[in-house]
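Asks: Following this line is coords.cif, made up of mmCIF, C-alpha atoms:
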```
data_run
#
loop_
_atom_site.label_atom_id
_atom_site.label_comp_id
_atom_site.auth_asym_id
_atom_site.auth_seq_id
_atom_site.Cartn_x
_atom_site.Cartn_y
_atom_site.Cartn_z
CA MET A 1 3.98 -5.62 -8.45
CA ASN A 2 4.17 -2.28 -10.15
CA GLN A 3 5.72 -2.51 -13.56
CA PRO A 4 5.59 -0.01 -16.38
CA HIS A 5 2.67 -0.68 -18.65
CA ASP A 6 3.32 -1.02 -22.36
CA ARG A 7 0.19 0.86 -23.35
CA PRO A 8 -0.99 3.67 -21.12
CA ASP A 9 -4.67 3.56 -20.44
CA ALA A 10 -6.44 6.89 -19.97
CA ALA A 11 -8.70 5.65 -17.18
CA ARG A 12 -5.80 4.14 -15.29
CA ILE A 13 -3.71 7.28 -15.64
CA LEU A 14 -6.53 9.51 -14.46
CA ALA A 15 -7.19 7.23 -11.50
CA ARG A 16 -3.54 7.18 -10.50
CA THR A 17 -2.92 10.90 -10.93
CA LEU A 18 -6.16 12.18 -9.41
CA GLY A 19 -6.58 9.47 -6.77
CA PRO A 20 -9.73 8.62 -4.88
CA GLU A 21 -12.28 11.31 -4.17
CA GLY A 22 -13.24 11.99 -0.58
CA PRO A 23 -11.65 11.25 2.79
CA GLU A 24 -9.14 8.47 3.08
CA LEU A 25 -6.88 7.04 5.73
CA SER A 26 -3.15 7.76 5.82
CA CYS A 27 -0.70 4.89 5.27
CA GLU A 28 -0.05 4.76 9.01
CA GLN A 29 -3.77 4.54 9.84
CA CYS A 30 -4.21 1.94 7.12
CA PHE A 31 -1.48 -0.24 8.62
CA ALA A 32 -2.92 0.16 12.10
CA GLN A 33 -6.36 -1.00 10.95
CA LEU A 34 -5.33 -3.54 8.31
CA ASP A 35 -5.56 -6.69 10.48
CA ARG A 36 -8.99 -5.75 11.80
CA TYR A 37 -10.25 -4.73 8.37
CA VAL A 38 -9.17 -7.98 6.72
CA GLU A 39 -10.70 -10.12 9.46
CA LEU A 40 -13.98 -8.20 9.05
CA GLU A 41 -13.84 -8.83 5.30
CA LEU A 42 -13.22 -12.54 5.78
CA ALA A 43 -16.06 -12.72 8.30
CA GLY A 44 -18.41 -11.16 5.75
CA ALA A 45 -18.94 -8.17 8.06
CA ASP A 46 -19.23 -4.53 7.00
CA ALA A 47 -15.49 -3.81 6.84
CA ASP A 48 -15.91 -0.55 4.91
CA GLY A 49 -18.56 0.72 7.31
CA SER A 50 -16.38 -0.18 10.29
CA VAL A 51 -13.20 1.36 8.89
CA PRO A 52 -14.25 4.41 6.85
CA GLY A 53 -11.60 5.72 4.53
CA MET A 54 -9.84 2.37 4.17
CA ARG A 55 -11.33 1.44 0.78
CA ALA A 56 -10.45 4.85 -0.66
CA HIS A 57 -6.90 4.59 0.64
CA LEU A 58 -6.43 1.13 -0.86
CA ALA A 59 -7.65 2.52 -4.19
CA GLY A 60 -5.13 5.35 -3.99
CA CYS A 61 -2.06 3.66 -2.53
CA PRO A 62 -0.71 0.71 -4.56
CA ALA A 63 1.73 -0.36 -1.82
CA CYS A 64 -0.89 -0.54 0.93
CA ASP A 65 -3.23 -2.22 -1.51
CA GLU A 66 -0.64 -4.94 -2.12
CA ASP A 67 -0.17 -5.38 1.64
CA HIS A 68 -3.93 -5.71 2.01
CA ASP A 69 -4.14 -8.31 -0.77
CA SER A 70 -1.29 -10.26 0.78
CA LEU A 71 -2.85 -10.41 4.24
CA LEU A 72 -6.20 -11.35 2.77
CA SER A 73 -4.59 -14.12 0.72
CA LEU A 74 -2.46 -15.40 3.58
CA LEU A 75 -5.42 -15.68 5.95
CA GLY A 76 -7.57 -17.09 3.20
CA ALA A 77 -4.98 -19.81 2.56
CA GLU A 78 -4.84 -20.88 6.23
CA MET B 1 -5.12 14.79 4.62
CA ALA B 2 -8.88 14.60 5.08
CA MET B 3 -9.46 11.92 7.65
CA PRO B 4 -12.57 10.36 9.15
CA ALA B 5 -13.11 11.97 12.55
CA GLU B 6 -13.04 8.69 14.43
CA ILE B 7 -12.38 5.06 13.61
CA PRO B 8 -15.08 2.96 15.29
CA ARG B 9 -14.15 -0.03 17.43
CA ALA B 10 -14.76 -3.56 16.23
CA GLU B 11 -18.23 -5.03 16.63
CA PRO B 12 -18.67 -7.47 19.54
CA GLY B 13 -18.02 -10.97 18.36
CA VAL B 14 -15.64 -9.98 15.61
CA GLU B 15 -13.33 -8.64 18.28
CA SER B 16 -12.80 -11.99 19.95
CA ALA B 17 -9.35 -13.42 19.46
CA ASP B 18 -8.89 -17.14 19.18
CA ALA B 19 -7.40 -18.94 22.15
CA SER B 20 -4.01 -20.02 20.80
CA SER B 21 -3.33 -16.63 19.31
CA ARG B 22 -4.23 -14.95 22.59
CA GLU B 23 -2.11 -17.42 24.53
CA LEU B 24 0.92 -16.64 22.34
CA HIS B 25 0.47 -12.95 23.05
CA GLU B 26 0.26 -13.64 26.77
CA ARG B 27 3.40 -15.77 26.78
CA LEU B 28 5.30 -13.04 24.94
CA ASN B 29 4.47 -10.73 27.81
CA THR B 30 6.05 -13.06 30.39
CA ALA B 31 9.77 -13.55 31.11
CA GLY B 32 12.25 -16.41 31.09
CA PRO B 33 12.08 -19.69 29.15
CA GLU B 34 8.34 -19.40 28.50
CA ARG B 35 8.86 -16.12 26.70
CA ASP B 36 11.91 -17.45 24.84
CA ALA B 37 9.82 -20.31 23.51
CA ALA B 38 7.05 -17.90 22.52
CA VAL B 39 9.55 -15.74 20.62
CA VAL B 40 10.73 -18.80 18.67
CA GLU B 41 7.10 -19.65 17.89
CA LEU B 42 6.40 -16.08 16.79
CA HIS B 43 9.44 -16.05 14.53
CA ALA B 44 8.25 -19.25 12.86
CA LEU B 45 4.87 -17.62 12.16
CA LEU B 46 6.51 -14.48 10.77
CA LEU B 47 8.79 -16.58 8.58
CA LYS B 48 5.78 -18.41 7.20
CA ALA B 49 4.16 -15.09 6.29
CA ALA B 50 7.38 -13.69 4.82
CA ARG B 51 7.90 -16.78 2.67
CA PHE B 52 4.30 -16.49 1.50
CA GLU B 53 4.87 -12.89 0.42
CA VAL B 54 8.23 -13.48 -1.25
CA ASN B 55 6.73 -16.39 -3.13
CA ARG B 56 3.74 -14.27 -4.24
CA ARG B 57 6.12 -11.64 -5.62
CA ARG B 58 8.55 -14.14 -7.15
CA ASP B 59 7.81 -12.93 -10.70
CA ALA B 60 9.19 -9.50 -9.77
CA LEU B 61 12.55 -11.07 -8.93
CA PRO B 62 13.51 -13.16 -11.97
CA HIS B 63 17.21 -12.47 -11.43
CA LEU B 64 17.33 -14.02 -7.94
CA ARG B 65 18.46 -17.57 -7.27
CA GLY B 66 16.49 -19.93 -5.04
CA GLY B 67 18.59 -19.27 -1.94
CA ASP B 68 18.15 -15.53 -2.35
CA HIS B 69 14.40 -15.82 -1.91
CA GLU B 70 14.89 -17.67 1.36
CA ASP B 71 17.44 -15.08 2.53
CA LEU B 72 14.92 -12.34 1.76
CA ALA B 73 12.23 -14.16 3.73
CA GLN B 74 14.56 -14.75 6.68
CA GLU B 75 15.63 -11.07 6.75
CA SER B 76 12.00 -10.02 6.60
CA ALA B 77 11.02 -12.33 9.44
CA ASP B 78 13.94 -11.12 11.58
CA ASP B 79 13.02 -7.45 11.02
CA ALA B 80 9.33 -8.17 11.60
CA LEU B 81 10.15 -9.96 14.86
CA LEU B 82 11.92 -6.86 16.15
CA ALA B 83 9.01 -4.68 15.06
CA VAL B 84 6.38 -6.92 16.67
CA LEU B 85 8.27 -7.27 19.95
CA GLY B 86 8.83 -3.52 20.03
CA LYS B 87 5.12 -2.82 19.52
CA LEU B 88 3.56 -5.55 21.66
CA GLY B 89 2.04 -2.91 23.90
CA GLU B 90 0.15 -1.47 20.93
CA PHE B 91 -1.80 -4.68 20.28
CA ARG B 92 -5.41 -3.94 21.24
CA GLY B 93 -6.99 -7.32 20.58
CA GLU B 94 -9.13 -6.01 17.72
CA SER B 95 -8.00 -8.95 15.58
CA ARG B 96 -6.29 -12.24 16.34
CA PHE B 97 -2.76 -11.60 17.55
CA THR B 98 -1.36 -13.74 14.73
CA THR B 99 -3.19 -11.61 12.13
CA TRP B 100 -1.77 -8.48 13.73
CA ALA B 101 1.74 -9.98 13.69
CA TYR B 102 1.48 -11.28 10.12
CA LYS B 103 1.03 -7.80 8.71
CA PHE B 104 4.48 -6.80 9.96
CA ALA B 105 6.09 -9.73 8.15
CA LEU B 106 4.13 -9.04 4.96
CA LEU B 107 5.10 -5.37 5.08
CA GLU B 108 8.79 -6.14 5.60
CA ALA B 109 8.83 -8.76 2.85
CA GLY B 110 6.81 -6.62 0.43
CA VAL B 111 9.09 -3.62 0.86
CA LYS B 112 12.21 -5.75 0.49
CA VAL B 113 10.90 -7.41 -2.66
CA ARG B 114 9.99 -4.07 -4.26
CA ARG B 115 13.37 -2.57 -3.43
CA ARG B 116 15.25 -5.65 -4.62
CA ALA B 117 13.30 -5.62 -7.88
CA TRP B 118 14.44 -2.03 -8.49
CA GLN B 119 18.01 -2.49 -7.30
CA GLY B 120 20.41 -0.96 -9.84
CA ARG B 121 17.54 0.49 -11.83
CA GLU B 122 17.16 4.22 -12.36
CA VAL B 123 13.90 5.93 -11.49
CA PRO B 124 12.45 7.03 -14.86
CA LEU B 125 12.82 10.70 -15.79
CA GLU B 126 9.93 13.13 -16.03
CA ASP B 127 10.26 13.11 -19.83
CA GLU B 128 9.03 9.53 -19.85
CA ALA B 129 5.92 10.60 -17.97
CA TRP B 130 5.09 13.21 -20.60
CA ALA B 131 5.33 10.46 -23.19
CA VAL B 132 2.93 8.36 -21.11
CA LEU B 133 0.45 11.23 -21.04
CA ALA B 134 0.85 11.88 -24.76
CA ASP B 135 0.19 8.22 -25.54
CA ALA B 136 -2.87 8.22 -23.31
CA ARG B 137 -4.18 11.32 -25.07
CA ARG B 138 -3.70 9.73 -28.47
CA GLY B 139 -5.47 6.61 -27.20
CA VAL B 140 -8.64 8.62 -26.55
CA SER B 141 -8.40 10.91 -29.57
CA HIS B 142 -12.06 10.17 -30.33
CA GLU B 143 -13.18 11.09 -26.79
CA ALA B 144 -12.85 14.85 -26.70
CA GLU B 145 -13.70 15.29 -23.03
CA THR B 146 -11.16 12.74 -21.79
CA ARG B 147 -8.55 13.98 -24.26
CA ASP B 148 -8.96 17.55 -23.01
CA LEU B 149 -8.83 16.37 -19.39
CA ILE B 150 -5.52 14.58 -19.94
CA ALA B 151 -4.08 17.57 -21.78
CA ALA B 152 -5.10 19.88 -18.92
CA LEU B 153 -3.76 17.38 -16.40
CA GLY B 154 -0.32 17.56 -18.00
CA GLU B 155 -0.40 21.35 -17.92
CA GLU B 156 -1.44 21.46 -14.27
CA ILE B 157 1.20 18.93 -13.25
CA GLU B 158 3.76 21.37 -14.61
CA ARG B 159 2.07 24.54 -13.36
CA SER B 160 0.31 23.82 -10.06
CA LEU B 161 2.58 21.42 -8.23
CA SER B 162 5.72 22.12 -6.23
CA ASP B 163 8.91 20.45 -7.48
CA HIS B 164 8.67 17.81 -4.77
CA GLN B 165 5.00 17.11 -5.43
CA ARG B 166 5.73 16.79 -9.15
CA THR B 167 8.62 14.42 -8.53
CA VAL B 168 6.51 12.14 -6.35
CA LEU B 169 3.37 12.24 -8.49
CA VAL B 170 5.21 11.65 -11.75
CA ALA B 171 7.26 8.77 -10.33
CA VAL B 172 4.46 6.96 -8.52
CA ALA B 173 1.39 7.77 -10.61
CA LEU B 174 2.83 7.98 -14.12
CA ASN B 175 6.08 6.02 -14.10
CA ASP B 176 4.91 3.21 -11.81
CA VAL B 177 7.78 3.52 -9.38
CA PRO B 178 6.81 1.72 -6.15
CA ILE B 179 6.42 4.28 -3.38
CA ASP B 180 8.75 2.29 -1.10
CA VAL B 181 11.47 2.41 -3.75
CA LEU B 182 11.03 6.16 -4.22
CA ALA B 183 11.09 6.63 -0.44
CA GLU B 184 14.41 4.82 -0.21
CA ARG B 185 15.91 6.96 -3.03
CA LEU B 186 14.65 10.20 -1.49
CA GLY B 187 15.51 9.28 2.11
CA SER B 188 11.84 9.41 3.07
CA ASN B 189 9.14 6.92 4.00
CA ARG B 190 5.91 5.61 2.53
CA GLY B 191 3.61 7.65 4.74
CA ALA B 192 5.34 10.96 4.07
CA LEU B 193 5.46 10.41 0.31
CA TYR B 194 1.84 9.31 0.20
CA LYS B 195 0.88 12.50 2.02
CA THR B 196 2.75 14.44 -0.67
CA LEU B 197 1.00 12.42 -3.38
CA HIS B 198 -2.38 13.01 -1.74
CA ASP B 199 -1.80 16.77 -1.53
CA ALA B 200 -0.66 16.85 -5.16
CA ARG B 201 -3.79 14.98 -6.25
CA GLN B 202 -6.01 17.38 -4.35
CA LYS B 203 -4.25 20.35 -5.97
CA LEU B 204 -4.75 18.85 -9.41
CA ARG B 205 -8.41 18.11 -8.74
CA ARG B 206 -9.00 21.71 -7.65
CA ALA B 207 -7.07 23.16 -10.59
CA LEU B 208 -8.95 21.04 -13.11
CA ALA B 209 -12.30 21.84 -11.49
CA GLU B 210 -11.47 25.55 -11.70
CA ARG B 211 -10.97 25.08 -15.44
CA GLY B 212 -14.49 23.68 -15.63
CA LEU B 213 -13.36 20.11 -16.19
CA ASP B 214 -15.28 17.23 -14.64
CA VAL B 215 -12.97 15.17 -12.45
CA GLY B 216 -15.64 13.66 -10.21
CA GLY B 217 -15.96 10.58 -12.37
CA ASN B 218 -12.40 9.54 -11.75
CA ASP B 219 -12.99 8.11 -8.31
CA ARG B 220 -12.36 4.58 -9.48
CA SER B 221 -10.07 1.85 -8.32
CA GLU B 222 -7.08 1.52 -10.55
CA GLU B 223 -6.35 -1.67 -12.40
CA ARG B 224 -4.33 -4.16 -10.46
#
```
If you took the structure in this file and wrote it as structure tokens, what would it be?
Replies:
Amino acid sequence: MNQPHDRPDAARILARTLGPEGPELSCEQCFAQLDRYVELELAGADADGSVPGMRAHLAGCPACDEDHDSLLSLLGAE
Amino acid sequence: MAMPAEIPRAEPGVESADASSRELHERLNTAGPERDAAVVELHALLLKAARFEVNRRRDALPHLRGGDHEDLAQESADDALLAVLGKLGEFRGESRFTTWAYKFALLEAGVKVRRRAWQGREVPLEDEAWAVLADARRGVSHEAETRDLIAALGEEIERSLSDHQRTVLVAVALNDVPIDVLAERLGSNRGALYKTLHDARQKLRRALAERGLDVGGNDRSEER
């Protein structure tokens, strides 16, 4: 969950303000591909090669990244 | 936003859905008692996912009582059920149906948790973001290149961005306001605000590059 950090870290601030470099999916495209992407990850397949732009989007969008982590954890716990 | 030209289909083998998941999807597309039973089954699955998410985010909701967590999970499952039933025709079988359905419950629960955690809390002002940048600059006082980059970043946030871009970037990137919370306050949605954030980031990258500053090395995943 996003909470204010006590001590700002330069690398973190630069990453959050400048975002990922290169093409990335939109939030809508991310959601549309999330189930497939996570199943590919869990199968040990090339998820990033199959869904280009997903990894960059997850690096840039904290909310989608949390959704991704949750789905991965839920399926992993089953 | 720069997008990949085409998203490839799933590889053969990975695409196969498991039998019970596929059967649930088929029963949801029927009518009568069989469908009613399938809807009950789907709701139970969505509730399981929503409870999982609410429980994962429990630390963000220290002020809630036990029953409140369950209410949040139930509301999330109910909303996710409507979303899934409304989008059944969009399921393409590229994952198990249950995986596809789970993401709706996780999204609903995640958004509700974030918004509940910020209920009654003001979105921080821009002034607080300038303090964040100043602290970061002091923290790298011995690294001239990074210090200069952060100083220039602050200047370009003020100079290059539109008011709306600045509001979104400062809130999400510097003040750690969840994008779903900001969307609710601004009457917008996650996708639209992320597009604004993306455009603002691109503007800043270009502006900093034009000043001869190296921003290529900042393509790194942020800390979680």
Asks: Give me the residues of chain A that have any atom at most 8 Å from an atom of chain B; for each, the nearest atom pair and the distance in Å, rounded to one decimal. Use only C-alpha atoms, sort by chain and number, and format it as a Markdown table.
Replies:
```
| residue | atom | partner | partner_atom | distance |
| --- | --- | --- | --- | --- |
| A:Met1 | CA | B:Ala60 | CA | 6.6 |
| A:Asn2 | CA | B:Asp176 | CA | 5.8 |
| A:Gln3 | CA | B:Asp176 | CA | 6.0 |
| A:Pro4 | CA | B:Asp176 | CA | 5.6 |
| A:Arg7 | CA | B:Asp135 | CA | 7.7 |
| A:Pro8 | CA | B:Ala136 | CA | 5.4 |
| A:Asp9 | CA | B:Ala136 | CA | 5.8 |
| A:Ala10 | CA | B:Ala136 | CA | 5.1 |
| A:Ala11 | CA | B:Asn218 | CA | 7.6 |
| A:Arg12 | CA | B:Glu222 | CA | 5.6 |
| A:Ile13 | CA | B:Leu174 | CA | 6.8 |
| A:Leu14 | CA | B:Asn218 | CA | 6.5 |
| A:Ala15 | CA | B:Asn218 | CA | 5.7 |
| A:Arg16 | CA | B:Ala173 | CA | 5.0 |
| A:Thr17 | CA | B:Ala173 | CA | 5.3 |
| A:Leu18 | CA | B:Arg201 | CA | 4.8 |
| A:Gly19 | CA | B:Arg201 | CA | 6.2 |
| A:Pro20 | CA | B:Asp219 | CA | 4.8 |
| A:Glu21 | CA | B:Asp219 | CA | 5.3 |
| A:Gly22 | CA | B:Ala2 | CA | 7.6 |
| A:Pro23 | CA | B:Ala2 | CA | 4.9 |
| A:Glu24 | CA | B:Met3 | CA | 5.7 |
| A:Leu25 | CA | B:Met3 | CA | 5.8 |
| A:Ser26 | CA | B:Gly191 | CA | 6.8 |
| A:Cys27 | CA | B:Gly191 | CA | 5.1 |
| A:Glu28 | CA | B:Gly191 | CA | 6.3 |
| A:Phe31 | CA | B:Lys103 | CA | 8.0 |
| A:Leu34 | CA | B:Lys103 | CA | 7.7 |
| A:Asp35 | CA | B:Trp100 | CA | 5.3 |
| A:Arg36 | CA | B:Ser95 | CA | 5.1 |
| A:Glu39 | CA | B:Ser95 | CA | 6.8 |
| A:Leu40 | CA | B:Val14 | CA | 7.0 |
| A:Ala43 | CA | B:Val14 | CA | 7.8 |
| A:Ser50 | CA | B:Pro8 | CA | 6.0 |
| A:Val51 | CA | B:Ile7 | CA | 6.1 |
| A:Pro52 | CA | B:Pro4 | CA | 6.6 |
| A:Gly53 | CA | B:Pro4 | CA | 6.6 |
| A:Ala59 | CA | B:Ser221 | CA | 4.8 |
| A:Gly60 | CA | B:Ser221 | CA | 7.4 |
| A:Cys61 | CA | B:Tyr194 | CA | 7.4 |
| A:Pro62 | CA | B:Pro178 | CA | 7.8 |
| A:Ala63 | CA | B:Ile179 | CA | 6.8 |
| A:Asp67 | CA | B:Leu107 | CA | 6.3 |
| A:Ser70 | CA | B:Glu53 | CA | 6.7 |
| A:Leu71 | CA | B:Lys103 | CA | 6.5 |
| A:Leu74 | CA | B:Phe52 | CA | 7.2 |
| A:Leu75 | CA | B:Thr99 | CA | 7.7 |
```
Asks: Just how far from atom CA of B:Arg35 is atom CA of B:Ser20, in Å to one decimal?
Replies: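 So the answer is 14.7 Å.
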Asks: Tell me, in Å to one decimal, how far atom CA of B:Ala144 is from atom CA of B:Ser160.
Replies: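 Interatomic distance, atom CA of B:Ala144 to atom CA of B:Ser160: 23.0 Å.
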Asks: Between atom CA of B:His164 and atom CA of B:Arg206, what is the spacing in Å?
Replies: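 If I compute the distance from atom CA of B:Arg206 to atom CA of B:His164, I get 18.3 Å.
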Asks: Enclose stretch 59-75 of chain B, meaning all of its atoms listed in the file, in a box aligned along x, y and z, pad it by 6 Å on each side, and list the centre and edge lengths in Å to one decimal, as lines of an AutoDock Vina configuration file.
Replies:
```
center_x = 13.2
center_y = -14.7
center_z = -2.6
size_x = 22.8
size_y = 22.4
size_z = 30.7
```
Asks: My list of candidates is B:Asp68, B:Arg121, B:Ser141, B:Ala73. Which is closest to B:Leu45 when distances are computed with all atoms listed in the file?
Replies: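 So, comparing all the options, the nearest one is B:Ala73.
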Asks: Which residue, B:Glu184, B:Glu26, B:Asp36, B:Asp199, has the smallest gap to B:Val123 when you use only C-alpha atoms?
Replies: B:Glu184
Asks: Nearest residue to A:Tyr37 out of A:Ser73, A:Gly49, A:Glu66, A:Ala56, using all atoms listed in the file?
Replies: A:Gly49
Asks: Neighbours of B:Glu70 within 10 Å (only C-alpha atoms; same-chain residues fewer than 5 positions away dropped), as a CSV table (one decimal) with C-alpha atoms, in the coordinates of the input?
Replies:
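Saved the output as result-v6.csv:
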```csv
chain,number,residue,atom,x,y,z
B,47,LEU,CA,8.8,-16.6,8.6
B,50,ALA,CA,7.4,-13.7,4.8
B,51,ARG,CA,7.9,-16.8,2.7
B,54,VAL,CA,8.2,-13.5,-1.2
B,55,ASN,CA,6.7,-16.4,-3.1
B,65,ARG,CA,18.5,-17.6,-7.3
B,75,GLU,CA,15.6,-11.1,6.8
B,76,SER,CA,12.0,-10.0,6.6
```
Asks: Nearest to A:Gln33 among B:Ala37, B:Arg92, B:Arg166, B:Arg27, with distances taken over all atoms listed in the file: which residue is it?
Replies: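 So, comparing all the options, the nearest one is B:Arg92.
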Asks: Can you give me N, CA and C atoms for stretch 63-85 of chain B, written as an mmCIF file, in the frame of the given file?
Replies:
```cif
data_model
loop_
_atom_site.group_PDB
_atom_site.id
_atom_site.type_symbol
_atom_site.label_atom_id
_atom_site.label_comp_id
_atom_site.auth_asym_id
_atom_site.auth_seq_id
_atom_site.Cartn_x
_atom_site.Cartn_y
_atom_site.Cartn_z
ATOM 1 N N HIS B 63 15.750 -12.362 -11.447
ATOM 2 C CA HIS B 63 17.210 -12.470 -11.430
ATOM 3 C C HIS B 63 17.730 -13.120 -10.160
ATOM 4 N N LEU B 64 16.870 -13.411 -9.193
ATOM 5 C CA LEU B 64 17.330 -14.020 -7.940
ATOM 6 C C LEU B 64 17.400 -15.530 -8.059
ATOM 7 N N ARG B 65 18.377 -16.115 -7.334
ATOM 8 C CA ARG B 65 18.460 -17.570 -7.270
ATOM 9 C C ARG B 65 17.598 -18.055 -6.109
ATOM 10 N N GLY B 66 17.384 -19.353 -6.053
ATOM 11 C CA GLY B 66 16.490 -19.930 -5.040
ATOM 12 C C GLY B 66 16.857 -19.534 -3.627
ATOM 13 N N GLY B 67 18.152 -19.605 -3.295
ATOM 14 C CA GLY B 67 18.590 -19.270 -1.940
ATOM 15 C C GLY B 67 18.355 -17.820 -1.590
ATOM 16 N N ASP B 68 18.363 -16.963 -2.603
ATOM 17 C CA ASP B 68 18.150 -15.530 -2.350
ATOM 18 C C ASP B 68 16.737 -15.264 -1.844
ATOM 19 N N HIS B 69 15.785 -16.007 -2.368
ATOM 20 C CA HIS B 69 14.400 -15.820 -1.910
ATOM 21 C C HIS B 69 14.291 -16.168 -0.432
ATOM 22 N N GLU B 70 14.943 -17.257 -0.052
ATOM 23 C CA GLU B 70 14.890 -17.670 1.360
ATOM 24 C C GLU B 70 15.594 -16.639 2.245
ATOM 25 N N ASP B 71 16.728 -16.112 1.759
ATOM 26 C CA ASP B 71 17.440 -15.080 2.530
ATOM 27 C C ASP B 71 16.531 -13.862 2.749
ATOM 28 N N LEU B 72 15.828 -13.494 1.680
ATOM 29 C CA LEU B 72 14.920 -12.340 1.760
ATOM 30 C C LEU B 72 13.812 -12.591 2.787
ATOM 31 N N ALA B 73 13.294 -13.817 2.779
ATOM 32 C CA ALA B 73 12.230 -14.160 3.730
ATOM 33 C C ALA B 73 12.772 -14.162 5.163
ATOM 34 N N GLN B 74 13.964 -14.712 5.336
ATOM 35 C CA GLN B 74 14.560 -14.750 6.680
ATOM 36 C C GLN B 74 14.812 -13.326 7.200
ATOM 37 N N GLU B 75 15.387 -12.473 6.339
ATOM 38 C CA GLU B 75 15.630 -11.070 6.750
ATOM 39 C C GLU B 75 14.328 -10.387 7.119
ATOM 40 N N SER B 76 13.306 -10.648 6.344
ATOM 41 C CA SER B 76 12.000 -10.020 6.600
ATOM 42 C C SER B 76 11.433 -10.491 7.928
ATOM 43 N N ALA B 77 11.545 -11.784 8.182
ATOM 44 C CA ALA B 77 11.020 -12.330 9.440
ATOM 45 C C ALA B 77 11.801 -11.776 10.626
ATOM 46 N N ASP B 78 13.118 -11.671 10.483
ATOM 47 C CA ASP B 78 13.940 -11.120 11.580
ATOM 48 C C ASP B 78 13.534 -9.673 11.880
ATOM 49 N N ASP B 79 13.390 -8.867 10.824
ATOM 50 C CA ASP B 79 13.020 -7.450 11.020
ATOM 51 C C ASP B 79 11.601 -7.340 11.591
ATOM 52 N N ALA B 80 10.715 -8.206 11.100
ATOM 53 C CA ALA B 80 9.330 -8.170 11.600
ATOM 54 C C ALA B 80 9.284 -8.575 13.068
ATOM 55 N N LEU B 81 10.127 -9.532 13.455
ATOM 56 C CA LEU B 81 10.150 -9.960 14.860
ATOM 57 C C LEU B 81 10.517 -8.782 15.764
ATOM 58 N N LEU B 82 11.520 -8.037 15.366
ATOM 59 C CA LEU B 82 11.920 -6.860 16.150
ATOM 60 C C LEU B 82 10.767 -5.856 16.234
ATOM 61 N N ALA B 83 10.115 -5.642 15.097
ATOM 62 C CA ALA B 83 9.010 -4.680 15.060
ATOM 63 C C ALA B 83 7.865 -5.126 15.965
ATOM 64 N N VAL B 84 7.507 -6.411 15.869
ATOM 65 C CA VAL B 84 6.380 -6.920 16.670
ATOM 66 C C VAL B 84 6.708 -6.845 18.152
ATOM 67 N N LEU B 85 7.904 -7.294 18.527
ATOM 68 C CA LEU B 85 8.270 -7.270 19.950
ATOM 69 C C LEU B 85 8.328 -5.830 20.475
#
```
